[in-house]
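In what follows, a single structure is set out as structure tokens and then discussed.
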Amino acid sequence: MKFTNILLLALASLACVTGHAEPSLVIVVRHAERAAEPKADPPLSPEGAQRALLLADYLAGAKLTAIITTHYRRTRETALPTANKFGIAPKVIAVRRDELAAHVPEVVAAVRQLSGVVLVVGHSDTVAAIVAGLSDAKPTQLCESSFANIFVVNLQPAGSAVLQFKYGQADPAPSAGCQ
């Protein structure tokens with residue numbers, strides 16, 4: 001069975017229709033591979049652009065209702081093919097300089113105000129914390145070289161379950177202390 005079919009089955013089995021504002025599912029990914037330049041706010045590399053297209057294909061049956069990114073170009077470009085596919089304008093939550101610790105709770109609070117299925121595109125140092133903030137899971141922080149992880153957090157009915165998948169080209173072997 002292809003990965004896309006497995007992911008869609010998992011999404012379908014976790015999703016449920018609810019009458020309140022909290023989303024049923026939250027899909028959390030790290031931005032795709034970035035170019036080396038410019039250092040301040042690089043775009044996606046050709047490999048990253050390919051992964052962003054693949055993400056849109058994988059999520060085609062997910063019935064997304066919202067997308068959250070940061071203000072950085074690499075998160076917005078990762079979300080763009082998916083946003084175009086669903087006709088969704090992503091909500092941008094800026095990462096303020098020296099305020100990373102405040103960013104994660106801000107994203108979690110924004111997600112909890114939404115409904116349906118939400119995609120969050122974050123960074124290597126925020127993805128695990130966002131998943132942990134939405135669930136009881138404690139995923140290991142992503143390595144700087146990790147781009148293939150998809151976390152699916154089921155917030156409905158009560159409680160939460162987290163599934164983790166890989167997509168696209170495999171990441172190199174992780175370093176100690178990260179995945």
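We label chains A, B, ... in the order they appear in the structure tokens, count residues from 1 in each chain, and number ligands from 1 in the order shown.
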(Q) Going by DSSP on the backbone, which residues of region 6-157 of chain A come out as strand (DSSP E or B)? List them as an NGL selection string. (A) :A and (25-30 or 34 or 44 or 64-69 or 91-92 or 117-122 or 149-154)
**Q.** 10 Å contact set for Thr78 (chain A), only C-alpha atoms, chain neighbours under 2 positions out, as a ChimeraX atom specification
**A.** /A:29-34,43-44,48-56,69,73-76,80-83,121-122
Q: Within 10 Å of Val111 (chain A), counting only C-alpha atoms, which residues show up once you throw out same-chain ones fewer than 6 positions away? Write them as a VMD selection string, please.
A: chain A and resid 21 to 23 25 to 26 66 to 68 105 117 to 120 130 134
Within 9 Å of Ile93 (chain A) using only C-alpha atoms, minus same-chain residues under 6 positions, as a compact mmCIF listing (two decimals) with C-alpha atoms, in the first residue's frame:
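Listing of part39.txt after writing:
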# COMPACT_ATOMS: atom_id res chain seq x y z
CA ILE A 68 -0.44 28.22 9.79
CA THR A 69 3.13 29.22 8.87
CA THR A 70 5.76 31.57 10.19
CA HIS A 71 6.78 34.73 8.36
CA HIS A 103 6.14 31.50 19.60
CA GLU A 106 1.11 31.41 20.34
CA VAL A 107 0.89 28.80 17.57
CA ALA A 110 -4.04 29.88 17.33
(Q) When you count only C-alpha atoms, which of these residues is closest to Asp136 (chain A): A:Val152, A:Ala94, A:Arg112, A:Val162? (A) A:Val162
Q.
Taking 3 positions as the minimum chain separation for residues in the same chain, which residues sit within 6 Å of Cys143 (chain A) when counting only C-alpha atoms? Answer as a ChimeraX atom specification.
A. /A:146,178-179
Q | Point-to-point distance in Å for CA of Ser124 (chain A) and CA of Leu142 (chain A) | A | 5.0 Å
Q. Could you write out, as a ChimeraX atom specification, all the residues of region 23-99 of chain A that DSSP marks as helix (DSSP H, G or I)?
A. /A:46-58,73-86
Q) Which residue gives the smallest distance to Leu163 (chain A) among A:Gln141, A:Ala101, A:Ile27, A:Ser175, with only C-alpha atoms counted? A)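 Going through A:Gln141, A:Ala101, A:Ile27, A:Ser175 one by one, the smallest distance to Leu163 (chain A) is for A:Ile27.
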Q) So which residues touch Ala148 (chain A) within 7 Å, counting only C-alpha atoms, skipping near sequence neighbours fewer than 4 positions away, as a list in words? A) Lys166, Tyr167, Gly168, Gln169, Ala170 and Asp171 of chain A
Taking N, CA and C atoms for each residue, export the selection above as a PDB file, in the first residue's frame.
ATOM      1  N   LYS A 166       6.727   9.487   7.608  1.00  0.00           N
ATOM      2  CA  LYS A 166       7.800  10.080   6.805  1.00  0.00           C
ATOM      3  C   LYS A 166       7.269  10.249   5.391  1.00  0.00           C
ATOM      4  N   TYR A 167       7.741  11.267   4.692  1.00  0.00           N
ATOM      5  CA  TYR A 167       7.353  11.462   3.300  1.00  0.00           C
ATOM      6  C   TYR A 167       8.537  11.984   2.505  1.00  0.00           C
ATOM      7  N   GLY A 168       8.505  11.693   1.217  1.00  0.00           N
ATOM      8  CA  GLY A 168       9.551  12.177   0.329  1.00  0.00           C
ATOM      9  C   GLY A 168      10.871  11.477   0.550  1.00  0.00           C
ATOM     10  N   GLN A 169      11.921  12.101   0.040  1.00  0.00           N
ATOM     11  CA  GLN A 169      13.267  11.550   0.149  1.00  0.00           C
ATOM     12  C   GLN A 169      13.643  11.395   1.618  1.00  0.00           C
ATOM     13  N   ALA A 170      14.263  10.269   1.950  1.00  0.00           N
ATOM     14  CA  ALA A 170      14.649   9.997   3.337  1.00  0.00           C
ATOM     15  C   ALA A 170      15.693  10.989   3.818  1.00  0.00           C
ATOM     16  N   ASP A 171      15.626  11.298   5.114  1.00  0.00           N
ATOM     17  CA  ASP A 171      16.619  12.154   5.741  1.00  0.00           C
ATOM     18  C   ASP A 171      17.889  11.351   6.023  1.00  0.00           C
TER      19      ASP A 171
END
Q | Atom-to-atom span, CA of Glu99 (chain A) and CA of Thr140 (chain A), Å | A |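 Interatomic distance here is 20.9 Å.
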Q | Point-to-point distance from CA of Asp98 (chain A) to CA of Thr126 (chain A), Å rounded to tenths | A |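 CA of Asp98 (chain A) sits 13.6 Å away from CA of Thr126 (chain A).
Considering the residues A:Leu155, A:Val108, A:Ala60, A:Val92 and counting only C-alpha atoms, Ala128 (chain A) has its shortest atom-to-atom contact with A:Val108.
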